[in-house]
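Peer 1: final_36.cif is reproduced below (mmCIF, C-alpha atoms and all ligand atoms).
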data_final
#
loop_
_atom_site.label_atom_id
_atom_site.label_comp_id
_atom_site.auth_asym_id
_atom_site.auth_seq_id
_atom_site.Cartn_x
_atom_site.Cartn_y
_atom_site.Cartn_z
CA MET A 1 16.84 -10.84 -23.31
CA THR A 2 15.82 -7.31 -22.35
CA SER A 3 16.69 -6.27 -18.83
CA LEU A 4 16.34 -3.22 -16.67
CA ARG A 5 18.40 -2.61 -13.53
CA ILE A 6 16.79 -0.25 -11.05
CA ARG A 7 17.41 0.87 -7.49
CA ARG A 8 15.94 -1.57 -4.94
CA PRO A 9 12.28 -0.58 -4.51
CA ASP A 10 10.27 0.25 -1.40
CA ASP A 11 6.70 -0.80 -0.73
CA PHE A 12 4.94 1.96 1.17
CA HIS A 13 1.87 -0.11 2.10
CA VAL A 14 1.89 -3.81 2.90
CA HIS A 15 0.05 -6.24 5.18
CA LEU A 16 2.52 -8.75 6.53
CA ARG A 17 0.06 -10.37 8.99
CA GLN A 18 1.20 -12.47 11.95
CA GLY A 19 2.20 -15.98 13.01
CA ASP A 20 2.46 -18.66 10.33
CA MET A 21 0.95 -16.35 7.70
CA LEU A 22 3.72 -13.79 8.33
CA ARG A 23 6.42 -16.40 7.81
CA ASP A 24 4.73 -17.64 4.64
CA VAL A 25 4.15 -14.26 2.97
CA LEU A 26 7.14 -12.24 4.14
CA PRO A 27 9.66 -13.62 1.59
CA SER A 28 7.59 -12.30 -1.34
CA THR A 29 8.13 -8.79 -0.01
CA ALA A 30 11.48 -9.06 1.74
CA MET A 31 13.40 -10.71 -1.13
CA ILE A 32 12.66 -7.81 -3.50
CA PHE A 33 11.84 -4.68 -1.51
CA GLY A 34 14.48 -2.91 0.55
CA ARG A 35 11.86 -1.55 2.94
CA ALA A 36 8.13 -1.80 3.42
CA LEU A 37 5.68 0.25 5.45
CA VAL A 38 3.91 -2.38 7.51
CA MET A 39 0.23 -1.83 8.19
CA PRO A 40 -0.94 -2.07 11.82
CA ASN A 41 -4.33 -3.79 11.30
CA THR A 42 -3.23 -6.99 12.97
CA LEU A 43 -5.14 -8.77 15.75
CA PRO A 44 -4.56 -7.31 18.27
CA PRO A 45 -3.71 -4.05 16.50
CA VAL A 46 -0.43 -2.16 16.69
CA LEU A 47 -1.47 0.81 18.83
CA THR A 48 1.68 2.03 20.54
CA GLY A 49 5.41 2.37 20.09
CA ASP A 50 5.93 -0.72 22.24
CA ASP A 51 3.51 -2.75 20.09
CA ALA A 52 5.40 -1.61 17.00
CA VAL A 53 8.78 -2.53 18.48
CA ARG A 54 7.48 -6.03 19.31
CA TYR A 55 5.95 -6.47 15.84
CA GLU A 56 9.12 -5.24 14.15
CA ARG A 57 11.17 -7.80 16.09
CA THR A 58 8.83 -10.58 14.96
CA ILE A 59 9.13 -9.46 11.35
CA ARG A 60 12.92 -9.25 11.53
CA ASP A 61 13.10 -12.75 13.04
CA ALA A 62 10.92 -14.05 10.21
CA ALA A 63 13.18 -12.32 7.67
CA VAL A 64 16.25 -14.03 9.13
CA MET A 65 14.48 -17.38 8.78
CA ALA A 66 13.55 -16.53 5.19
CA GLY A 67 17.23 -16.43 4.23
CA ALA A 68 19.89 -14.50 2.42
CA SER A 69 18.36 -11.65 0.48
CA ALA A 70 15.59 -11.10 3.03
CA VAL A 71 17.99 -10.45 5.90
CA ASP A 72 18.66 -6.82 5.07
CA PHE A 73 14.97 -6.10 4.58
CA GLN A 74 13.86 -3.20 6.75
CA PRO A 75 10.29 -3.04 8.04
CA LEU A 76 9.05 0.53 8.51
CA MET A 77 6.62 0.61 11.37
CA THR A 78 3.20 2.22 11.79
CA ILE A 79 0.65 2.48 14.57
CA LYS A 80 -3.10 2.45 14.16
CA ILE A 81 -4.87 5.73 14.98
CA VAL A 82 -8.00 4.91 16.96
CA ALA A 83 -10.36 6.93 19.16
CA SER A 84 -8.17 6.27 22.21
CA THR A 85 -4.92 7.45 20.55
CA THR A 86 -3.44 10.42 22.41
CA PRO A 87 -0.76 13.00 21.52
CA GLU A 88 1.47 11.32 24.13
CA ILE A 89 1.16 8.01 22.32
CA ILE A 90 2.32 9.74 19.14
CA THR A 91 5.40 11.26 20.76
CA GLU A 92 6.34 7.98 22.41
CA ALA A 93 5.84 6.01 19.20
CA LYS A 94 7.94 8.47 17.22
CA ALA A 95 10.73 8.07 19.77
CA LYS A 96 10.56 4.30 19.24
CA GLY A 97 11.02 4.58 15.48
CA VAL A 98 7.41 4.58 14.24
CA ILE A 99 7.24 6.72 11.10
CA ALA A 100 3.52 6.80 10.34
CA GLY A 101 0.08 6.50 11.90
CA LYS A 102 -2.64 4.76 9.90
CA LEU A 103 -6.23 5.83 10.14
CA TYR A 104 -9.01 3.46 9.11
CA PRO A 105 -12.49 4.95 9.43
CA GLU A 106 -14.72 2.62 11.45
CA GLY A 107 -15.64 -0.63 9.70
CA VAL A 108 -14.29 0.33 6.31
CA THR A 109 -12.00 -2.66 5.76
CA THR A 110 -10.32 -5.71 7.33
CA ASN A 111 -9.97 -5.33 11.13
CA SER A 112 -11.16 -1.73 11.29
CA GLU A 113 -14.04 -2.14 13.72
CA ASP A 114 -12.06 -0.04 16.20
CA GLY A 115 -11.71 2.86 13.73
CA PRO A 116 -12.64 6.38 14.82
CA LYS A 117 -16.18 7.59 14.08
CA ASN A 118 -15.17 11.19 13.47
CA LEU A 119 -11.94 12.96 12.62
CA ARG A 120 -12.50 16.15 14.61
CA SER A 121 -11.89 14.49 17.97
CA LEU A 122 -8.48 13.42 16.65
CA PHE A 123 -7.28 16.92 15.79
CA PRO A 124 -4.96 17.07 18.85
CA VAL A 125 -3.42 13.80 17.64
CA PHE A 126 -2.95 15.16 14.11
CA GLU A 127 -1.48 18.35 15.59
CA ARG A 128 1.11 16.25 17.42
CA MET A 129 1.84 14.15 14.33
CA GLN A 130 2.46 17.39 12.47
CA SER A 131 4.89 18.71 15.08
CA GLU A 132 6.63 15.33 15.46
CA GLY A 133 6.95 14.87 11.70
CA MET A 134 4.99 11.62 11.72
CA VAL A 135 3.16 10.85 8.48
CA LEU A 136 -0.63 10.31 8.56
CA CYS A 137 -1.68 7.45 6.26
CA LEU A 138 -5.34 7.54 5.38
CA HIS A 139 -7.65 4.77 4.30
CA GLY A 140 -9.69 7.23 2.31
CA GLU A 141 -13.20 5.82 2.35
CA VAL A 142 -16.32 6.86 4.23
CA PRO A 143 -18.19 3.87 5.63
CA GLY A 144 -21.91 3.59 4.98
CA VAL A 145 -21.71 5.40 1.64
CA PHE A 146 -22.43 3.46 -1.59
CA CYS A 147 -19.22 1.50 -2.18
CA MET A 148 -18.33 3.10 -5.53
CA ASP A 149 -18.60 6.59 -3.96
CA ARG A 150 -16.82 5.99 -0.65
CA GLU A 151 -13.46 7.33 -1.78
CA GLU A 152 -14.81 10.39 -3.53
CA VAL A 153 -16.86 11.40 -0.49
CA PHE A 154 -13.74 11.09 1.70
CA LEU A 155 -11.94 13.68 -0.42
CA HIS A 156 -13.81 16.48 1.38
CA SER A 157 -12.13 15.43 4.62
CA LEU A 158 -8.78 15.19 2.86
CA ARG A 159 -9.06 18.76 1.60
CA ASP A 160 -10.10 20.01 5.05
CA LEU A 161 -7.19 18.24 6.74
CA ALA A 162 -4.73 19.59 4.17
CA VAL A 163 -5.86 23.15 4.98
CA ILE A 164 -6.07 22.77 8.76
CA PHE A 165 -2.73 20.94 9.02
CA PRO A 166 -0.66 22.36 6.16
CA ARG A 167 2.57 20.81 7.45
CA LEU A 168 1.16 17.38 8.29
CA ARG A 169 2.38 14.98 5.63
CA MET A 170 -0.52 12.78 4.56
CA VAL A 171 -0.71 9.80 2.24
CA LEU A 172 -4.04 8.92 0.68
CA GLU A 173 -3.56 5.16 0.45
CA HIS A 174 -4.38 2.95 -2.52
CA VAL A 175 -6.21 5.56 -4.59
CA THR A 176 -8.76 4.15 -7.01
CA THR A 177 -10.49 7.12 -8.63
CA ALA A 178 -9.71 9.92 -11.06
CA ALA A 179 -11.23 12.26 -8.45
CA ALA A 180 -8.68 11.16 -5.83
CA VAL A 181 -5.79 11.67 -8.25
CA GLN A 182 -7.07 15.18 -8.95
CA ALA A 183 -7.57 15.93 -5.25
CA VAL A 184 -3.98 14.95 -4.45
CA MET A 185 -2.70 17.19 -7.23
CA ASP A 186 -4.96 20.05 -6.10
CA THR A 187 -3.77 19.96 -2.49
CA SER A 188 -0.41 21.34 -3.64
CA PHE A 189 -2.14 24.67 -4.13
CA LEU A 190 -4.25 24.83 -0.98
CA SER A 191 -1.85 26.58 1.37
CA PRO A 192 0.19 29.35 -0.23
CA GLY A 193 3.84 29.22 0.75
CA VAL A 194 3.68 25.62 1.97
CA PRO A 195 4.78 22.84 -0.36
CA GLY A 196 1.98 20.32 -0.99
CA ASN A 197 1.75 17.94 1.94
CA VAL A 198 -0.43 15.23 0.40
CA ALA A 199 0.75 12.23 -1.59
CA ALA A 200 -0.89 8.97 -2.65
CA THR A 201 0.07 5.35 -3.01
CA ILE A 202 -1.07 3.32 -5.99
CA THR A 203 -1.24 -0.48 -6.06
CA PRO A 204 -0.20 -2.69 -8.98
CA HIS A 205 -3.64 -4.31 -9.15
CA HIS A 206 -5.54 -1.03 -9.35
CA LEU A 207 -3.46 -0.18 -12.42
CA LEU A 208 -5.04 -3.19 -14.16
CA LEU A 209 -8.44 -3.93 -12.69
CA THR A 210 -11.83 -2.35 -13.07
CA LEU A 211 -15.09 -3.37 -11.40
CA ASP A 212 -15.70 -5.62 -14.39
CA ASP A 213 -12.76 -7.76 -13.29
CA VAL A 214 -14.40 -8.23 -9.89
CA VAL A 215 -18.09 -8.75 -10.68
CA GLY A 216 -18.62 -7.94 -14.36
CA ASP A 217 -18.78 -11.51 -15.62
CA LYS A 218 -18.02 -14.20 -13.06
CA LEU A 219 -17.51 -13.26 -9.42
CA ARG A 220 -13.74 -13.10 -8.94
CA PRO A 221 -13.08 -13.01 -5.19
CA HIS A 222 -9.30 -12.73 -5.57
CA HIS A 223 -9.83 -9.35 -7.22
CA PHE A 224 -12.00 -8.13 -4.37
CA CYS A 225 -10.30 -5.54 -2.22
CA LYS A 226 -10.93 -2.23 -0.51
CA PRO A 227 -11.29 0.21 -2.07
CA ILE A 228 -13.03 -1.76 -4.81
CA ALA A 229 -11.68 -1.30 -8.36
CA LYS A 230 -13.69 1.36 -10.19
CA LYS A 231 -14.40 2.42 -13.79
CA PRO A 232 -12.04 2.15 -16.78
CA SER A 233 -11.69 5.95 -16.74
CA ASP A 234 -10.58 5.79 -13.10
CA ARG A 235 -8.08 3.02 -13.83
CA ASP A 236 -6.72 5.08 -16.72
CA ALA A 237 -6.28 8.11 -14.45
CA LEU A 238 -4.29 5.95 -12.01
CA VAL A 239 -2.04 4.74 -14.84
CA ARG A 240 -1.47 8.32 -15.96
CA ALA A 241 -0.61 9.40 -12.41
CA ALA A 242 1.76 6.48 -11.80
CA THR A 243 3.57 6.90 -15.11
CA SER A 244 3.60 10.71 -15.08
CA GLY A 245 6.75 11.20 -13.03
CA ASN A 246 4.78 13.27 -10.48
CA PRO A 247 6.56 12.64 -7.14
CA ARG A 248 3.24 12.77 -5.25
CA PHE A 249 2.38 9.28 -6.54
CA PHE A 250 4.39 6.27 -5.48
CA LEU A 251 4.14 2.54 -4.93
CA GLY A 252 2.23 0.97 -2.06
CA THR A 253 1.28 -2.55 -3.08
CA ASP A 254 -1.43 -3.03 -0.42
CA SER A 255 -0.55 -6.70 -0.71
CA ALA A 256 -3.19 -8.17 1.61
CA PRO A 257 -3.13 -11.97 1.83
CA HIS A 258 -6.08 -13.97 3.10
CA ALA A 259 -6.34 -17.77 3.14
CA ARG A 260 -8.18 -19.10 0.09
CA ASP A 261 -11.17 -20.34 2.11
CA GLN A 262 -11.57 -16.82 3.56
CA LYS A 263 -11.82 -15.39 0.02
CA GLU A 264 -13.84 -18.12 -1.71
CA CYS A 265 -16.87 -18.17 0.54
CA ALA A 266 -20.22 -16.49 1.15
CA SER A 267 -18.75 -13.52 3.00
CA GLY A 268 -15.29 -13.14 1.58
CA CYS A 269 -12.45 -10.99 2.94
CA ALA A 270 -11.17 -7.97 1.03
CA GLY A 271 -7.54 -7.99 -0.11
CA VAL A 272 -5.35 -8.91 -3.08
CA PHE A 273 -2.11 -10.80 -2.46
CA CYS A 274 0.00 -9.02 -5.05
CA ALA A 275 3.46 -9.09 -3.44
CA PRO A 276 4.71 -12.10 -5.47
CA VAL A 277 4.06 -10.28 -8.77
CA ALA A 278 4.20 -6.60 -7.82
CA MET A 279 7.32 -5.52 -9.70
CA GLU A 280 6.55 -7.76 -12.68
CA VAL A 281 3.05 -6.31 -13.04
CA LEU A 282 4.38 -2.76 -12.76
CA ALA A 283 6.99 -3.41 -15.44
CA GLU A 284 4.24 -4.71 -17.71
CA VAL A 285 1.98 -1.70 -17.11
CA PHE A 286 4.78 0.86 -17.47
CA GLU A 287 6.04 -0.85 -20.64
CA ASP A 288 2.55 -0.94 -22.13
CA HIS A 289 2.32 2.81 -21.55
CA HIS A 290 5.79 3.56 -22.91
CA ALA A 291 6.94 4.73 -19.49
CA LEU A 292 9.58 2.21 -18.38
CA ASP A 293 11.89 5.18 -17.82
CA LYS A 294 9.50 6.38 -15.08
CA LEU A 295 9.32 3.06 -13.21
CA GLU A 296 12.36 3.47 -10.96
CA ALA A 297 11.24 6.84 -9.61
CA PHE A 298 7.76 5.45 -8.85
CA THR A 299 9.05 2.35 -7.04
CA SER A 300 12.35 3.46 -5.56
CA GLU A 301 12.57 7.25 -5.17
CA PHE A 302 9.36 9.23 -4.72
CA GLY A 303 8.12 7.35 -1.65
CA ALA A 304 11.46 7.51 0.15
CA ARG A 305 11.73 11.23 -0.58
CA PHE A 306 8.22 11.94 0.70
CA TYR A 307 8.97 10.05 3.92
CA GLY A 308 12.37 11.76 4.23
CA LEU A 309 14.30 8.49 4.01
CA PRO A 310 17.56 7.87 2.14
CA LEU A 311 17.24 5.96 -1.12
CA ASN A 312 18.08 2.25 -0.98
CA GLU A 313 21.64 1.29 -1.86
CA GLY A 314 21.03 -1.99 -3.67
CA HIS A 315 19.46 -2.79 -7.01
CA VAL A 316 17.06 -5.28 -8.57
CA THR A 317 16.94 -6.45 -12.14
CA LEU A 318 13.79 -6.76 -14.20
CA MET A 319 14.31 -9.27 -16.96
CA LYS A 320 12.27 -10.32 -19.92
CA PRO A 321 13.46 -13.89 -20.44
CA LYS A 322 12.35 -14.94 -23.93
CA ASP A 323 12.16 -18.68 -23.32
CA SER A 324 10.98 -18.81 -19.74
CA PRO A 325 8.39 -16.19 -18.87
CA TYR A 326 7.35 -16.06 -15.21
CA ALA A 327 4.63 -18.64 -14.52
CA VAL A 328 2.71 -17.36 -11.51
CA PRO A 329 1.71 -20.30 -9.27
CA GLU A 330 -2.00 -21.11 -8.93
CA ARG A 331 -1.59 -21.28 -5.18
CA ILE A 332 0.98 -20.62 -2.54
CA HIS A 333 0.87 -23.24 0.20
CA ILE A 334 0.78 -21.99 3.75
CA VAL A 335 0.78 -23.90 7.00
CA ASP A 336 -2.97 -24.32 7.25
CA GLY A 337 -4.18 -23.78 3.73
CA GLU A 338 -3.21 -21.81 0.67
CA ILE A 339 -3.27 -18.29 -0.74
CA VAL A 340 -4.09 -17.38 -4.31
CA PRO A 341 -1.75 -14.66 -5.58
CA PHE A 342 -2.71 -11.91 -8.03
CA ARG A 343 -2.39 -13.16 -11.66
CA ALA A 344 -2.43 -16.79 -10.43
CA GLY A 345 -1.85 -19.29 -13.22
CA GLU A 346 -0.85 -16.63 -15.75
CA THR A 347 2.52 -16.17 -17.37
CA LEU A 348 4.08 -12.74 -17.05
CA ARG A 349 6.63 -11.41 -19.48
CA TRP A 350 8.82 -9.75 -16.82
CA LEU A 351 10.66 -11.32 -13.91
CA CYS A 352 12.24 -9.39 -11.03
CA GLU A 353 15.37 -10.63 -9.28
CA VAL A 354 17.76 -9.21 -6.74
C1 LIG A 401 -6.62 -4.92 3.61
C2 LIG A 401 -6.44 -6.12 4.55
O1 LIG A 401 -6.93 -7.21 4.25
O2 LIG A 401 -5.80 -5.96 5.59
N1 LIG A 401 -7.62 -5.24 2.64
C3 LIG A 401 -7.83 -4.64 1.44
O3 LIG A 401 -8.80 -4.98 0.78
N2 LIG A 401 -7.02 -3.75 0.95
C4 LIG A 401 -6.93 -3.70 4.41
C5 LIG A 401 -6.92 -2.42 3.60
O4 LIG A 401 -5.86 -1.90 3.26
O5 LIG A 401 -8.01 -1.92 3.28
ZN ZN A 402 -3.98 -2.01 3.00
#
What would you get if you wrote out this structure as structure tokens?
Ligand code: NCD
Ligand code: ZN
Peer 2:
Amino acid sequence: MTSLRIRRPDDFHVHLRQGDMLRDVLPSTAMIFGRALVMPNTLPPVLTGDDAVRYERTIRDAAVMAGASAVDFQPLMTIKIVASTTPEIITEAKAKGVIAGKLYPEGVTTNSEDGPKNLRSLFPVFERMQSEGMVLCLHGEVPGVFCMDREEVFLHSLRDLAVIFPRLRMVLEHVTTAAAVQAVMDTSFLSPGVPGNVAATITPHHLLLTLDDVVGDKLRPHHFCKPIAKKPSDRDALVRAATSGNPRFFLGTDSAPHARDQKECASGCAGVFCAPVAMEVLAEVFEDHHALDKLEAFTSEFGARFYGLPLNEGHVTLMKPKDSPYAVPERIHIVDGEIVPFRAGETLRWLCEV
């Protein structure tokens, strides 16, 4: 049996949801990842430091209920940047332990109806994030643009922000295009004398999927997420970035569970529930591209360094059990329904254990 022991990974983009759903999905993240950056697009949203403190407490309580290896899981908290966010809210949130603000342009994804309509009015907020050292996480899509072009059009704003706020650390979340990969690399050279301030997260599913896997043959709602998977050449650029050892690219799973009936319907929700298979899928992709030696840095080092956090102490083991490959369940039962995980019903050749 082949095995690979790596430092315990971090997930720098996850949707842990609330209530029963939180309790049902949290173990998939908390049993493997040392820390996870928890997205604030709950209902109601996480808008202030106090909201984040309350949400963190709920997550920690759920982790205690989930048992042994989830107990030392550390949620990293975010607030949502909306039109009413003020510089004072930023300072107060930072003081309460919030490490990032997440910006969703209006209507671009799940629960983003309250997103700002323009970025300029938020410049005082970005200014304060820069001086407080709070990271700005960007859902990099422009609403209203043709869906395959939404990310590329957003890159103009990214470049502008990188010039105007050269010390504001920004993460372009869940990149899906070759153009976005290039833009992140280019921002390192925008402000002479200042080290590049832009990084990107990459999801496990975007390293595998293209638009064909969503709508090319049959409609596959469990592959539908924002931003939508793009062309094979885009997917290949993501794989190259993730396996390149460039510290500007690190793991954010964007695991985004929705109940099965909310996905398999006439107006289905966007989001892939990839947490139960995230490390296994990454091992497969990195192995297929002869880059297993780059996996640990992508999952367990680059993100922490960008956020200025210490590396995790513990380790996980990726195993390739010959006789018992990992059979991904068709469904995960939740209190009032079920969720279909990424790669449901397939057998994976890697298995990750603490
Ligand atoms: C996410 C969700 O459901 O919260 N959905 C998704 O398709 N990725 C929101 C997001 O990150 O866009
Ligand atoms: Zn997300």
Peer 1: What residues of the protein or nucleic acid chains come within 6 Å of ligand LIG 401 (chain A) when you use all atoms listed in the file? Reply as number ranges by chain.
Peer 2: A: 15, 109-110, 225-226, 254, 256, 270-271
Peer 1: Okay, now the selection with C-alpha atoms, as an mmCIF file, keeping the file's coordinate frame?
Peer 2:
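Contents of the output file part_22.cif:
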data_model
loop_
_atom_site.group_PDB
_atom_site.id
_atom_site.type_symbol
_atom_site.label_atom_id
_atom_site.label_comp_id
_atom_site.auth_asym_id
_atom_site.auth_seq_id
_atom_site.Cartn_x
_atom_site.Cartn_y
_atom_site.Cartn_z
ATOM 1 C CA HIS A 15 0.050 -6.240 5.180
ATOM 2 C CA THR A 109 -12.000 -2.660 5.760
ATOM 3 C CA THR A 110 -10.320 -5.710 7.330
ATOM 4 C CA CYS A 225 -10.300 -5.540 -2.220
ATOM 5 C CA LYS A 226 -10.930 -2.230 -0.510
ATOM 6 C CA ASP A 254 -1.430 -3.030 -0.420
ATOM 7 C CA ALA A 256 -3.190 -8.170 1.610
ATOM 8 C CA ALA A 270 -11.170 -7.970 1.030
ATOM 9 C CA GLY A 271 -7.540 -7.990 -0.110
#
Peer 1: With ligand ZN 402 (chain A) as the partner and 12 Å as the cut-off, tabulate the residues of chain A that qualify, each row holding the nearest pair of atoms and their distance in Å to one decimal, using all atoms listed in the file, sorted by chain and rising number, as a Markdown table.
Peer 2:
| residue | atom | partner | partner_atom | distance |
| --- | --- | --- | --- | --- |
| A:Asp11 | CA | A:ZN402 | ZN | 11.4 |
| A:Phe12 | CA | A:ZN402 | ZN | 9.9 |
| A:His13 | CA | A:ZN402 | ZN | 6.2 |
| A:Val14 | CA | A:ZN402 | ZN | 6.1 |
| A:His15 | CA | A:ZN402 | ZN | 6.2 |
| A:Leu16 | CA | A:ZN402 | ZN | 10.0 |
| A:Arg17 | CA | A:ZN402 | ZN | 11.0 |
| A:Leu37 | CA | A:ZN402 | ZN | 10.2 |
| A:Val38 | CA | A:ZN402 | ZN | 9.1 |
| A:Met39 | CA | A:ZN402 | ZN | 6.7 |
| A:Pro40 | CA | A:ZN402 | ZN | 9.3 |
| A:Asn41 | CA | A:ZN402 | ZN | 8.5 |
| A:Thr42 | CA | A:ZN402 | ZN | 11.2 |
| A:Lys102 | CA | A:ZN402 | ZN | 9.8 |
| A:Leu103 | CA | A:ZN402 | ZN | 10.8 |
| A:Tyr104 | CA | A:ZN402 | ZN | 9.6 |
| A:Val108 | CA | A:ZN402 | ZN | 11.1 |
| A:Thr109 | CA | A:ZN402 | ZN | 8.5 |
| A:Thr110 | CA | A:ZN402 | ZN | 8.5 |
| A:Asn111 | CA | A:ZN402 | ZN | 10.6 |
| A:Ser112 | CA | A:ZN402 | ZN | 11.0 |
| A:Cys137 | CA | A:ZN402 | ZN | 10.3 |
| A:Leu138 | CA | A:ZN402 | ZN | 9.9 |
| A:His139 | CA | A:ZN402 | ZN | 7.8 |
| A:Gly140 | CA | A:ZN402 | ZN | 10.9 |
| A:Leu172 | CA | A:ZN402 | ZN | 11.2 |
| A:Glu173 | CA | A:ZN402 | ZN | 7.6 |
| A:His174 | CA | A:ZN402 | ZN | 7.4 |
| A:Val175 | CA | A:ZN402 | ZN | 10.9 |
| A:Thr201 | CA | A:ZN402 | ZN | 10.3 |
| A:Ile202 | CA | A:ZN402 | ZN | 10.8 |
| A:Thr203 | CA | A:ZN402 | ZN | 9.6 |
| A:Cys225 | CA | A:ZN402 | ZN | 8.9 |
| A:Lys226 | CA | A:ZN402 | ZN | 7.8 |
| A:Pro227 | CA | A:ZN402 | ZN | 9.2 |
| A:Ile228 | CA | A:ZN402 | ZN | 12.0 |
| A:Gly252 | CA | A:ZN402 | ZN | 8.5 |
| A:Thr253 | CA | A:ZN402 | ZN | 8.1 |
| A:Asp254 | CA | A:ZN402 | ZN | 4.4 |
| A:Ser255 | CA | A:ZN402 | ZN | 6.9 |
| A:Ala256 | CA | A:ZN402 | ZN | 6.4 |
| A:Pro257 | CA | A:ZN402 | ZN | 10.1 |
| A:Ala270 | CA | A:ZN402 | ZN | 9.5 |
| A:Gly271 | CA | A:ZN402 | ZN | 7.6 |
| A:Val272 | CA | A:ZN402 | ZN | 9.3 |
| A:Phe273 | CA | A:ZN402 | ZN | 10.5 |
| A:Cys274 | CA | A:ZN402 | ZN | 11.4 |
Peer 1: Could you tell me how far atom CA of Ala327 of chain A sits from atom CA of Met279 of chain A, in Å to one decimal place?
Peer 2: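 Those two atoms sit 14.2 Å apart.
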Peer 1: Rank nothing, just name the residue among A:Met185, A:Val53, A:Ala36, A:Leu22 nearest to Arg8 of chain A, using only C-alpha atoms.
Peer 2: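 Between A:Met185, A:Val53, A:Ala36, A:Leu22, the residue approaching Arg8 of chain A most closely is A:Ala36.
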Peer 1: Which one is closest to Ala297 of chain A: A:Val142, A:Ala83, A:Leu311, A:Leu155? Count all atoms listed in the file.
Peer 2: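 That would be A:Leu311, the residue with the smallest distance to Ala297 of chain A.
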Peer 1: What gap, in Å, lies between atom CA of Pro116 of chain A and atom CA of Ala200 of chain A?
Peer 2: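 Result for atom CA of Pro116 of chain A versus atom CA of Ala200 of chain A: 21.2 Å, one decimal.
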Peer 1: From the options A:Pro27, A:Arg5, A:Leu238, A:His222, which residue's atoms come nearest to Ala179 of chain A, counting all atoms listed in the file?
Peer 2: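 Ranked by minimum distance to Ala179 of chain A, first place goes to A:Leu238.
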Peer 1: Around the point (-3.5, 10.9, -14.4) (coordinates from the file), which residues reach within 12 Å if we count only C-alpha atoms? Answer as JSON, numbers by chain.
Peer 2: {"A": [175, 176, 177, 178, 179, 180, 181, 182, 183, 184, 185, 202, 207, 233, 234, 235, 236, 237, 238, 239, 240, 241, 242, 243, 244, 245, 246, 248, 249]}
Peer 1: Using the selection just defined, write its residues with C-alpha atoms as a PDB file, keeping the file's coordinate frame.
Peer 2:
ATOM      1  CA  VAL A 175      -6.210   5.560  -4.590  1.00  0.00           C
ATOM      2  CA  THR A 176      -8.760   4.150  -7.010  1.00  0.00           C
ATOM      3  CA  THR A 177     -10.490   7.120  -8.630  1.00  0.00           C
ATOM      4  CA  ALA A 178      -9.710   9.920 -11.060  1.00  0.00           C
ATOM      5  CA  ALA A 179     -11.230  12.260  -8.450  1.00  0.00           C
ATOM      6  CA  ALA A 180      -8.680  11.160  -5.830  1.00  0.00           C
ATOM      7  CA  VAL A 181      -5.790  11.670  -8.250  1.00  0.00           C
ATOM      8  CA  GLN A 182      -7.070  15.180  -8.950  1.00  0.00           C
ATOM      9  CA  ALA A 183      -7.570  15.930  -5.250  1.00  0.00           C
ATOM     10  CA  VAL A 184      -3.980  14.950  -4.450  1.00  0.00           C
ATOM     11  CA  MET A 185      -2.700  17.190  -7.230  1.00  0.00           C
ATOM     12  CA  ILE A 202      -1.070   3.320  -5.990  1.00  0.00           C
ATOM     13  CA  LEU A 207      -3.460  -0.180 -12.420  1.00  0.00           C
ATOM     14  CA  SER A 233     -11.690   5.950 -16.740  1.00  0.00           C
ATOM     15  CA  ASP A 234     -10.580   5.790 -13.100  1.00  0.00           C
ATOM     16  CA  ARG A 235      -8.080   3.020 -13.830  1.00  0.00           C
ATOM     17  CA  ASP A 236      -6.720   5.080 -16.720  1.00  0.00           C
ATOM     18  CA  ALA A 237      -6.280   8.110 -14.450  1.00  0.00           C
ATOM     19  CA  LEU A 238      -4.290   5.950 -12.010  1.00  0.00           C
ATOM     20  CA  VAL A 239      -2.040   4.740 -14.840  1.00  0.00           C
ATOM     21  CA  ARG A 240      -1.470   8.320 -15.960  1.00  0.00           C
ATOM     22  CA  ALA A 241      -0.610   9.400 -12.410  1.00  0.00           C
ATOM     23  CA  ALA A 242       1.760   6.480 -11.800  1.00  0.00           C
ATOM     24  CA  THR A 243       3.570   6.900 -15.110  1.00  0.00           C
ATOM     25  CA  SER A 244       3.600  10.710 -15.080  1.00  0.00           C
ATOM     26  CA  GLY A 245       6.750  11.200 -13.030  1.00  0.00           C
ATOM     27  CA  ASN A 246       4.780  13.270 -10.480  1.00  0.00           C
ATOM     28  CA  ARG A 248       3.240  12.770  -5.250  1.00  0.00           C
ATOM     29  CA  PHE A 249       2.380   9.280  -6.540  1.00  0.00           C
TER      30      PHE A 249
END
Peer 1: Provide the atom CA of Cys147 of chain A to atom CA of Ala162 of chain A distance in Å, to one decimal place.
Peer 2: 24.0 Å
Peer 1: Measuring atom to atom with all atoms listed in the file, identify which of A:Glu330, A:Ala66, A:Val82, A:Leu4 is nearest to Leu295 of chain A.
Peer 2: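 The closest residue to Leu295 of chain A is A:Leu4.
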Peer 1: Of the residues A:Gly314, A:Gly345, A:Pro105, A:Gly97, which is the one nearest to Met31 of chain A, using only C-alpha atoms?
Peer 2: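 Looking only at the distances to Met31 of chain A, the closest residue turns out to be A:Gly314.
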Peer 1: So that I can check the surroundings of Thr91 of chain A, please list as a compact mmCIF listing (two decimals) with C-alpha atoms, in the coordinates of the input every protein, DNA and RNA residue that reaches within 9 Å of it, counting only C-alpha atoms and ignoring chain neighbours fewer than 4 positions away.
Peer 2:
# COMPACT_ATOMS: atom_id res chain seq x y z
CA GLY A 49 5.41 2.37 20.09
CA PRO A 87 -0.76 13.00 21.52
CA ALA A 95 10.73 8.07 19.77
CA LYS A 96 10.56 4.30 19.24
CA ARG A 128 1.11 16.25 17.42
CA MET A 129 1.84 14.15 14.33
CA GLU A 132 6.63 15.33 15.46
